[in-house]
file model.cif (mmCIF, C-alpha atoms)
data_target
loop_
_atom_site.label_atom_id
_atom_site.label_comp_id
_atom_site.auth_asym_id
_atom_site.auth_seq_id
_atom_site.Cartn_x
_atom_site.Cartn_y
_atom_site.Cartn_z
CA MET A 1 13.37 -9.27 -32.59
CA PRO A 2 11.33 -8.74 -29.46
CA THR A 3 9.27 -11.64 -28.17
CA THR A 4 5.72 -11.29 -26.92
CA ARG A 5 5.18 -12.42 -23.34
CA ARG A 6 1.51 -11.61 -23.13
CA ARG A 7 -1.13 -10.51 -25.60
CA GLU A 8 -4.58 -9.00 -25.21
CA VAL A 9 -7.03 -8.17 -28.01
CA LEU A 10 -9.83 -5.67 -27.42
CA GLN A 11 -12.68 -4.54 -29.64
CA LEU A 12 -13.02 -0.84 -30.41
CA ARG A 13 -16.71 -0.29 -31.18
CA SER A 14 -17.83 2.39 -28.69
CA ASP A 15 -16.69 5.23 -26.40
CA GLY A 16 -16.61 2.73 -23.56
CA ASP A 17 -14.19 0.51 -25.51
CA VAL A 18 -11.76 3.44 -25.78
CA VAL A 19 -11.81 3.74 -21.97
CA ARG A 20 -11.26 -0.03 -21.65
CA ALA A 21 -8.32 0.13 -24.09
CA ARG A 22 -6.71 2.93 -22.04
CA GLN A 23 -7.15 0.90 -18.85
CA ALA A 24 -5.70 -2.27 -20.41
CA VAL A 25 -2.64 -0.36 -21.67
CA ARG A 26 -2.27 1.25 -18.26
CA SER A 27 -2.28 -2.05 -16.38
CA MET A 28 0.25 -3.60 -18.77
CA CYS A 29 2.56 -0.58 -18.32
CA VAL A 30 2.17 -0.83 -14.53
CA GLU A 31 2.97 -4.54 -14.70
CA LEU A 32 6.24 -3.77 -16.52
CA GLY A 33 7.21 -1.06 -14.03
CA PHE A 34 6.87 1.97 -16.33
CA SER A 35 7.53 5.34 -14.68
CA LEU A 36 4.46 7.54 -14.14
CA VAL A 37 5.47 9.89 -16.98
CA ASP A 38 6.11 7.04 -19.44
CA LEU A 39 2.85 5.37 -18.44
CA THR A 40 0.88 8.61 -18.87
CA LYS A 41 2.37 9.16 -22.34
CA MET A 42 1.52 5.61 -23.41
CA VAL A 43 -2.05 5.76 -22.05
CA THR A 44 -2.60 9.13 -23.76
CA ALA A 45 -1.29 7.76 -27.08
CA ALA A 46 -3.59 4.73 -26.62
CA SER A 47 -6.57 7.04 -26.15
CA GLU A 48 -5.80 9.10 -29.27
CA LEU A 49 -5.18 6.07 -31.48
CA ALA A 50 -8.16 4.10 -30.18
CA ARG A 51 -10.41 7.07 -30.93
CA ASN A 52 -8.95 7.29 -34.44
CA THR A 53 -9.75 3.62 -35.02
CA LEU A 54 -13.28 4.14 -33.73
CA ILE A 55 -14.10 7.35 -35.60
CA HIS A 56 -11.98 7.33 -38.77
CA GLY A 57 -11.65 3.56 -39.12
CA ARG A 58 -15.32 2.97 -38.23
CA GLY A 59 -14.28 0.61 -35.44
CA GLY A 60 -11.72 -2.17 -35.21
CA THR A 61 -9.45 -3.81 -32.68
CA VAL A 62 -6.39 -3.07 -30.60
CA THR A 63 -3.83 -5.73 -29.74
CA ILE A 64 -1.80 -4.90 -26.63
CA GLU A 65 1.40 -6.86 -26.12
CA SER A 66 3.97 -7.06 -23.38
CA LEU A 67 7.37 -7.25 -25.14
CA GLU A 68 10.75 -8.59 -24.12
CA ASP A 69 13.90 -7.85 -26.12
CA GLY A 70 17.04 -8.93 -24.26
CA ALA A 71 16.99 -6.83 -21.10
CA LYS A 72 14.46 -4.40 -22.60
CA ARG A 73 10.77 -4.45 -21.71
CA GLY A 74 8.06 -2.60 -23.52
CA VAL A 75 4.44 -2.40 -24.62
CA ARG A 76 3.27 -2.62 -28.22
CA MET A 77 -0.18 -1.45 -29.33
CA THR A 78 -1.48 -2.44 -32.75
CA PHE A 79 -4.65 -0.70 -33.90
CA GLU A 80 -6.40 -2.27 -36.87
CA ASP A 81 -9.50 -1.26 -38.78
CA GLU A 82 -11.13 -2.02 -42.11
CA GLY A 83 -12.19 1.56 -42.70
CA PRO A 84 -11.56 3.83 -45.67
CA GLY A 85 -7.79 4.04 -45.07
CA ILE A 86 -5.56 7.13 -45.00
CA PRO A 87 -4.91 8.49 -48.52
CA ASP A 88 -2.01 10.78 -47.53
CA ILE A 89 -0.17 9.53 -44.42
CA ALA A 90 2.39 12.38 -44.36
CA ARG A 91 -0.42 14.91 -44.31
CA ALA A 92 -2.40 12.99 -41.68
CA LEU A 93 0.65 13.15 -39.39
CA GLN A 94 0.84 16.96 -39.55
CA ASP A 95 -0.38 18.77 -36.44
CA GLY A 96 -3.65 20.50 -37.09
CA PHE A 97 -4.71 18.19 -39.91
CA THR A 98 -8.20 16.88 -39.23
CA THR A 99 -11.06 15.33 -41.13
CA GLY A 100 -13.15 14.80 -38.02
CA ASN A 101 -14.14 17.29 -35.34
CA GLY A 102 -10.99 16.93 -33.24
CA MET A 103 -7.94 19.11 -32.96
CA GLY A 104 -5.88 17.18 -35.48
CA LEU A 105 -3.32 16.10 -32.89
CA GLY A 106 -4.18 12.41 -32.74
CA LEU A 107 -1.65 10.83 -35.10
CA GLY A 108 1.20 13.36 -34.98
CA GLY A 109 0.84 13.83 -31.23
CA SER A 110 0.74 10.09 -30.51
CA ARG A 111 3.90 9.59 -32.56
CA ARG A 112 5.73 12.00 -30.26
CA LEU A 113 4.53 10.10 -27.17
CA VAL A 114 6.02 6.72 -28.13
CA ASN A 115 9.44 5.35 -29.15
CA GLU A 116 8.47 3.48 -32.31
CA PHE A 117 5.59 4.34 -34.60
CA GLU A 118 4.42 2.90 -37.89
CA ILE A 119 1.35 3.36 -40.08
CA GLN A 120 0.28 0.94 -42.79
CA SER A 121 -2.72 2.02 -44.81
CA ASN A 122 -4.24 1.34 -48.16
CA ALA A 123 -7.25 3.12 -49.55
CA GLY A 124 -10.23 0.83 -49.19
CA THR A 125 -8.61 -1.93 -47.12
CA GLY A 126 -8.12 -0.18 -43.80
CA THR A 127 -5.38 1.03 -41.52
CA ARG A 128 -2.89 -0.52 -39.09
CA VAL A 129 -1.05 1.70 -36.61
CA ILE A 130 1.75 0.18 -34.50
CA ALA A 131 3.15 2.05 -31.50
CA ILE A 132 5.80 0.82 -29.06
CA ARG A 133 7.12 2.39 -25.90
CA TRP A 134 10.06 0.84 -24.05
CA ARG A 135 10.37 1.08 -20.29
CA MET B 1 -18.98 28.53 -3.40
CA GLY B 2 -20.82 31.85 -3.77
CA GLU B 3 -20.68 33.10 -7.34
CA PHE B 4 -18.32 30.36 -8.52
CA LEU B 5 -19.02 26.83 -9.72
CA LEU B 6 -16.68 24.08 -8.57
CA VAL B 7 -16.37 20.96 -10.73
CA THR B 8 -14.30 17.95 -9.73
CA ILE B 9 -13.69 15.33 -12.41
CA GLN B 10 -13.10 12.01 -10.67
CA VAL B 11 -13.70 9.33 -13.27
CA ASP B 12 -12.00 8.18 -16.46
CA MET B 13 -14.50 9.87 -18.78
CA HIS B 14 -15.63 8.43 -22.06
CA ASP B 15 -16.14 11.00 -24.81
CA GLN B 16 -19.91 11.28 -24.53
CA LEU B 17 -19.63 11.93 -20.79
CA ALA B 18 -17.14 14.74 -21.47
CA LEU B 19 -19.60 16.33 -23.89
CA THR B 20 -22.43 15.98 -21.35
CA LEU B 21 -20.28 17.71 -18.74
CA GLN B 22 -19.69 20.56 -21.19
CA ASP B 23 -23.43 20.98 -21.80
CA ASP B 24 -24.36 20.68 -18.11
CA LEU B 25 -21.75 23.18 -17.07
CA THR B 26 -22.74 25.85 -19.57
CA ALA B 27 -26.39 25.33 -18.57
CA GLN B 28 -25.44 25.77 -14.89
CA ILE B 29 -23.51 28.99 -15.62
CA THR B 30 -26.63 30.47 -17.20
CA LYS B 31 -28.95 29.13 -14.50
CA THR B 32 -26.88 30.28 -11.52
CA GLY B 33 -25.33 33.38 -13.05
CA ALA B 34 -21.94 32.13 -11.87
CA ARG B 35 -19.03 34.45 -12.62
CA GLY B 36 -16.36 31.78 -12.46
CA VAL B 37 -15.82 28.04 -12.97
CA LEU B 38 -13.14 26.10 -11.16
CA ILE B 39 -12.37 22.69 -12.68
CA ASP B 40 -10.36 20.36 -10.45
CA ILE B 41 -8.62 17.69 -12.55
CA SER B 42 -6.28 16.36 -9.84
CA SER B 43 -7.90 12.91 -10.12
CA LEU B 44 -7.43 12.75 -13.90
CA GLU B 45 -4.62 10.40 -14.85
CA MET B 46 -4.68 11.47 -18.46
CA VAL B 47 -5.79 14.42 -20.59
CA ASP B 48 -5.90 13.62 -24.29
CA SER B 49 -6.81 15.95 -27.14
CA PHE B 50 -10.53 15.25 -26.70
CA ILE B 51 -10.63 16.14 -23.00
CA GLY B 52 -8.29 19.06 -23.70
CA ARG B 53 -10.65 20.36 -26.33
CA MET B 54 -13.59 19.92 -23.98
CA ILE B 55 -11.83 21.98 -21.30
CA ALA B 56 -10.86 24.68 -23.82
CA SER B 57 -14.40 24.91 -25.16
CA ILE B 58 -15.88 25.11 -21.65
CA ALA B 59 -13.54 28.07 -21.04
CA GLY B 60 -14.58 29.65 -24.35
CA MET B 61 -18.31 29.21 -23.74
CA ALA B 62 -18.01 30.36 -20.13
CA ARG B 63 -16.24 33.52 -21.28
CA ILE B 64 -19.10 34.35 -23.62
CA LEU B 65 -21.45 33.82 -20.67
CA ASP B 66 -19.36 36.30 -18.64
CA ALA B 67 -17.57 33.73 -16.49
CA TYR B 68 -13.88 32.89 -16.13
CA THR B 69 -12.55 29.32 -16.05
CA VAL B 70 -9.58 28.14 -14.03
CA VAL B 71 -8.27 24.57 -14.21
CA VAL B 72 -6.48 23.34 -11.11
CA GLY B 73 -4.56 20.32 -9.89
CA MET B 74 -3.07 18.98 -13.10
CA GLN B 75 -0.66 16.16 -12.30
CA PRO B 76 2.94 16.80 -13.45
CA ALA B 77 2.98 13.69 -15.68
CA VAL B 78 -0.22 14.89 -17.34
CA ALA B 79 1.28 18.36 -17.94
CA ILE B 80 4.45 16.85 -19.48
CA THR B 81 2.35 14.63 -21.76
CA LEU B 82 0.06 17.49 -22.82
CA VAL B 83 3.02 19.60 -23.97
CA GLU B 84 4.51 16.71 -25.92
CA LEU B 85 1.15 15.94 -27.47
CA GLY B 86 1.10 19.55 -28.68
CA LEU B 87 -1.93 20.73 -26.72
CA SER B 88 -1.71 24.29 -25.42
CA LEU B 89 -5.24 24.80 -23.98
CA PRO B 90 -5.79 28.25 -25.47
CA GLY B 91 -7.73 30.65 -23.24
CA VAL B 92 -7.59 28.32 -20.25
CA ARG B 93 -6.10 29.68 -17.04
CA THR B 94 -4.50 27.22 -14.65
CA ALA B 95 -3.53 27.23 -11.00
CA LEU B 96 -1.67 24.72 -8.90
CA ASN B 97 -4.48 23.89 -6.46
CA VAL B 98 -8.06 24.76 -5.50
CA ASP B 99 -6.95 27.43 -3.04
CA ARG B 100 -4.87 29.33 -5.59
CA GLY B 101 -7.52 28.77 -8.24
CA MET B 102 -10.19 30.43 -6.09
CA LYS B 103 -7.88 33.37 -5.43
CA LEU B 104 -7.28 33.71 -9.18
CA LEU B 105 -11.04 33.68 -9.86
CA VAL B 106 -11.58 36.39 -7.24
CA THR B 107 -8.83 38.49 -8.86
CA LEU B 108 -10.24 37.99 -12.37
CA ARG B 109 -13.72 38.88 -11.10
CA GLY B 110 -12.33 42.04 -9.46
CA GLU B 111 -10.61 43.12 -12.67
CA SER B 112 -13.77 42.63 -14.69
CA ILE B 113 -15.75 44.78 -12.20
CA GLU B 114 -13.13 47.53 -12.59
CA GLU B 115 -13.45 47.28 -16.37
CA ASP B 116 -17.23 47.64 -16.06
CA ASP B 117 -16.77 50.72 -13.87
CA ALA B 118 -14.33 52.21 -16.38
CA ASP B 119 -16.82 51.57 -19.20
CA ASN B 120 -19.57 53.27 -17.20
CA ALA B 121 -17.33 56.25 -16.42
CA GLU B 122 -16.67 56.74 -20.14
CA ALA B 123 -20.37 56.58 -20.90
#
call {"tool": "encode", "arguments": {"input": "model.cif", "output": "structure tokens"}}
result
Amino acid sequence: MPTTRRREVLQLRSDGDVVRARQAVRSMCVELGFSLVDLTKMVTAASELARNTLIHGRGGTVTIESLEDGAKRGVRMTFEDEGPGIPDIARALQDGFTTGNGMGLGLGGSRRLVNEFEIQSNAGTGTRVIAIRWR
Amino acid sequence: MGEFLLVTIQVDMHDQLALTLQDDLTAQITKTGARGVLIDISSLEMVDSFIGRMIASIAGMARILDAYTVVVGMQPAVAITLVELGLSLPGVRTALNVDRGMKLLVTLRGESIEEDDADNAEA
């Protein structure tokens, strides 16, 4: 089990919060010595998932953690909302599936940009998306 | 820049700002009668699906307004991430830097003049 060395919780209530979430993820990745490509993938996934929380989840929070697991170092992002939930997760992960006005790449695309990805969602109680990328 | 508009994106844009840029740019194409738009994204550290869509729709709108769009200066890490994300930027032409982008716009402009001439010859 990885241990958390540092934790930061940010609100996701506006466009500006999405930018702040990207920047917080970026600085944690820089701190851990991520390569530029790995960092760019993680920041892009952060942007997609934060926007999902804001638009589909009607706002929520993101918890950004710096992880240590033996010699491994990584960043975990946990997006939580109390929105309507995702009725069909498999379908939501398909490229091109969209309920909003985006391109439908948010969930499926973000999953490809990280090493570990998990969605927990129940209709009516909200959604939690967990994404980890190791250095 | 003569008949071309040059746009340099230098900040980490929030979504509303990206939409404003899209509106401003299409308004400027109409106002100036520009035949090409060069978008320099070399300062952008990330292009997600929202910004990608904004760039693709600028290109689409510009085309309807008789202007070509060329995106230049994409950082390698951003290009790698875009492909993995699954974004293909349909209808968007790219060039490595501003210099090559301008040359591409001049070429595209030249081709469209030839097409016009050919149309006129047929008529």
call {"tool": "residues_around", "arguments": {"input": "model.cif", "residues": "segment 116-127 of chain A", "least_positions_apart": "5", "cutoff": "7 Å", "atoms": "all atoms listed in the file", "output": "list in words"}}
result
Gly57, Glu80, Asp81, Glu82, Gly83, Pro84, Gly85, Ile86, Pro87, Arg111, Ile132 and Arg133 of chain A
call {"tool": "write_last_selection", "arguments": {"input": "model.cif", "atoms": "C-alpha atoms", "output": "PDB file, in the frame of the given file"}}
result
ATOM      1  CA  GLY A  57     -11.650   3.560 -39.120  1.00  0.00           C
ATOM      2  CA  GLU A  80      -6.400  -2.270 -36.870  1.00  0.00           C
ATOM      3  CA  ASP A  81      -9.500  -1.260 -38.780  1.00  0.00           C
ATOM      4  CA  GLU A  82     -11.130  -2.020 -42.110  1.00  0.00           C
ATOM      5  CA  GLY A  83     -12.190   1.560 -42.700  1.00  0.00           C
ATOM      6  CA  PRO A  84     -11.560   3.830 -45.670  1.00  0.00           C
ATOM      7  CA  GLY A  85      -7.790   4.040 -45.070  1.00  0.00           C
ATOM      8  CA  ILE A  86      -5.560   7.130 -45.000  1.00  0.00           C
ATOM      9  CA  PRO A  87      -4.910   8.490 -48.520  1.00  0.00           C
ATOM     10  CA  ARG A 111       3.900   9.590 -32.560  1.00  0.00           C
ATOM     11  CA  ILE A 132       5.800   0.820 -29.060  1.00  0.00           C
ATOM     12  CA  ARG A 133       7.120   2.390 -25.900  1.00  0.00           C
TER      13      ARG A 133
END
call {"tool": "atom_distance", "arguments": {"input": "model.cif", "atom1": "atom CA of Glu3 of chain B", "atom2": "atom CA of Arg35 of chain B"}}
result
5.7 Å
call {"tool": "interface_residues", "arguments": {"input": "model.cif", "of": "chain B", "to": "chain A", "cutoff": "9 Å", "atoms": "all atoms listed in the file", "output": "PyMOL selection string"}}
result
chain B and resi 12-16+45-50+53+76-78+80-82+84-87
call {"tool": "closest_residue", "arguments": {"input": "model.cif", "among": "B:Val98, B:Leu19, B:Val70, B:Val92", "to": "Ile51 of chain B", "atoms": "all atoms listed in the file"}}
result
B:Leu19
call {"tool": "residues_around", "arguments": {"input": "model.cif", "residues": "Leu65 of chain B", "least_positions_apart": "5", "cutoff": "10 Å", "atoms": "only C-alpha atoms", "output": "list in words"}}
result
Thr26, Ile29, Thr30, Gly33, Ala34, Arg35, Gly36, Ala59 and Gly60 of chain B
call {"tool": "resolve_selection", "arguments": {"input": "model.cif", "expression": "the PyMOL selection byres ((chain A and resi 4) around 10)", "output": "ChimeraX atom specification"}}
result
/A:1-3,5-7,64-69,73-76
call {"tool": "atom_distance", "arguments": {"input": "model.cif", "atom1": "atom CA of Phe79 of chain A", "atom2": "atom CA of Ala24 of chain A"}}
result
13.6 Å
call {"tool": "residues_near_point", "arguments": {"input": "model.cif", "point": "(-4.3, 31.7, -7.7)", "cutoff": "12 Å", "atoms": "all atoms listed in the file", "output": "list in words"}}
result
Leu38, Thr69, Val70, Val71, Val72, Gly73, Arg93, Thr94, Ala95, Leu96, Asn97, Val98, Asp99, Arg100, Gly101, Met102, Lys103, Leu104, Leu105, Val106, Thr107 and Leu108 of chain B
call {"tool": "closest_residue", "arguments": {"input": "model.cif", "among": "B:Val11, B:Leu44, B:Leu5, B:Val37", "to": "Tyr68 of chain B", "atoms": "all atoms listed in the file"}}
result
B:Val37
call {"tool": "residues_near_point", "arguments": {"input": "model.cif", "point": "(-21.7, 1.2, -36.6)", "cutoff": "10 Å", "atoms": "all atoms listed in the file", "output": "list of chain:residue names"}}
result
A:Arg13, A:Ser14, A:Leu54, A:Ile55, A:Arg58, A:Gly59
call {"tool": "atom_distance", "arguments": {"input": "model.cif", "atom1": "atom CA of Leu17 of chain B", "atom2": "atom CA of Val9 of chain A"}}
result
24.8 Å
call {"tool": "closest_residue", "arguments": {"input": "model.cif", "among": "B:Met54, B:Val7, B:Ala67, B:Met61", "to": "Ile41 of chain B", "atoms": "all atoms listed in the file"}}
result
B:Val7
call {"tool": "closest_residue", "arguments": {"input": "model.cif", "among": "B:Leu6, B:Ala18, B:Ile58, B:Val83", "to": "Asp40 of chain B", "atoms": "all atoms listed in the file"}}
result
B:Leu6
call {"tool": "build_atoms", "arguments": {"input": "model.cif", "residues": "segment 3-32 of chain B", "atoms": "N, CA and C atoms", "output": "compact mmCIF listing (two decimals), in the coordinates of the input"}}
result
# COMPACT_ATOMS: atom_id res chain seq x y z
N GLU B 3 -20.39 32.88 -5.93
CA GLU B 3 -20.68 33.10 -7.34
C GLU B 3 -19.84 32.23 -8.27
N PHE B 4 -19.16 31.25 -7.69
CA PHE B 4 -18.32 30.36 -8.52
C PHE B 4 -18.84 28.92 -8.51
N LEU B 5 -18.67 28.26 -9.65
CA LEU B 5 -19.02 26.83 -9.72
C LEU B 5 -17.74 26.01 -9.56
N LEU B 6 -17.83 24.96 -8.76
CA LEU B 6 -16.68 24.08 -8.57
C LEU B 6 -17.00 22.71 -9.15
N VAL B 7 -16.15 22.26 -10.09
CA VAL B 7 -16.37 20.96 -10.73
C VAL B 7 -15.15 20.08 -10.46
N THR B 8 -15.40 18.89 -9.94
CA THR B 8 -14.30 17.95 -9.73
C THR B 8 -14.52 16.75 -10.63
N ILE B 9 -13.57 16.48 -11.51
CA ILE B 9 -13.69 15.33 -12.41
C ILE B 9 -12.96 14.16 -11.75
N GLN B 10 -13.72 13.10 -11.45
CA GLN B 10 -13.10 12.01 -10.67
C GLN B 10 -13.12 10.67 -11.37
N VAL B 11 -13.66 10.62 -12.58
CA VAL B 11 -13.70 9.33 -13.27
C VAL B 11 -12.96 9.42 -14.60
N ASP B 12 -12.58 8.28 -15.13
CA ASP B 12 -12.00 8.18 -16.46
C ASP B 12 -13.17 8.36 -17.44
N MET B 13 -13.31 9.55 -17.99
CA MET B 13 -14.50 9.87 -18.78
C MET B 13 -14.44 9.32 -20.19
N HIS B 14 -15.55 8.73 -20.64
CA HIS B 14 -15.63 8.43 -22.06
C HIS B 14 -16.10 9.71 -22.76
N ASP B 15 -15.96 9.75 -24.08
CA ASP B 15 -16.14 11.00 -24.81
C ASP B 15 -17.52 11.62 -24.63
N GLN B 16 -18.55 10.76 -24.65
CA GLN B 16 -19.91 11.28 -24.53
C GLN B 16 -20.13 11.95 -23.18
N LEU B 17 -19.51 11.37 -22.14
CA LEU B 17 -19.63 11.93 -20.79
C LEU B 17 -18.97 13.30 -20.73
N ALA B 18 -17.83 13.45 -21.44
CA ALA B 18 -17.14 14.74 -21.47
C ALA B 18 -18.02 15.80 -22.14
N LEU B 19 -18.72 15.40 -23.19
CA LEU B 19 -19.60 16.33 -23.89
C LEU B 19 -20.80 16.71 -23.02
N THR B 20 -21.31 15.72 -22.27
CA THR B 20 -22.43 15.98 -21.35
C THR B 20 -22.02 16.97 -20.28
N LEU B 21 -20.79 16.80 -19.76
CA LEU B 21 -20.28 17.71 -18.74
C LEU B 21 -20.24 19.14 -19.29
N GLN B 22 -19.77 19.25 -20.53
CA GLN B 22 -19.69 20.56 -21.19
C GLN B 22 -21.07 21.22 -21.26
N ASP B 23 -22.06 20.45 -21.69
CA ASP B 23 -23.43 20.98 -21.80
C ASP B 23 -24.00 21.36 -20.43
N ASP B 24 -23.82 20.44 -19.45
CA ASP B 24 -24.36 20.68 -18.11
C ASP B 24 -23.75 21.94 -17.49
N LEU B 25 -22.45 22.07 -17.69
CA LEU B 25 -21.75 23.18 -17.07
C LEU B 25 -22.18 24.52 -17.65
N THR B 26 -22.32 24.59 -18.97
CA THR B 26 -22.74 25.85 -19.57
C THR B 26 -24.19 26.17 -19.15
N ALA B 27 -25.02 25.12 -19.03
CA ALA B 27 -26.39 25.33 -18.57
C ALA B 27 -26.39 25.87 -17.13
N GLN B 28 -25.51 25.32 -16.30
CA GLN B 28 -25.44 25.77 -14.89
C GLN B 28 -24.94 27.20 -14.77
N ILE B 29 -24.02 27.60 -15.66
CA ILE B 29 -23.51 28.99 -15.62
C ILE B 29 -24.67 29.95 -15.86
N THR B 30 -25.48 29.62 -16.86
CA THR B 30 -26.63 30.47 -17.20
C THR B 30 -27.64 30.47 -16.06
N LYS B 31 -27.93 29.28 -15.53
CA LYS B 31 -28.95 29.13 -14.50
C LYS B 31 -28.57 29.86 -13.21
N THR B 32 -27.30 29.73 -12.81
CA THR B 32 -26.88 30.28 -11.52
C THR B 32 -26.29 31.68 -11.64
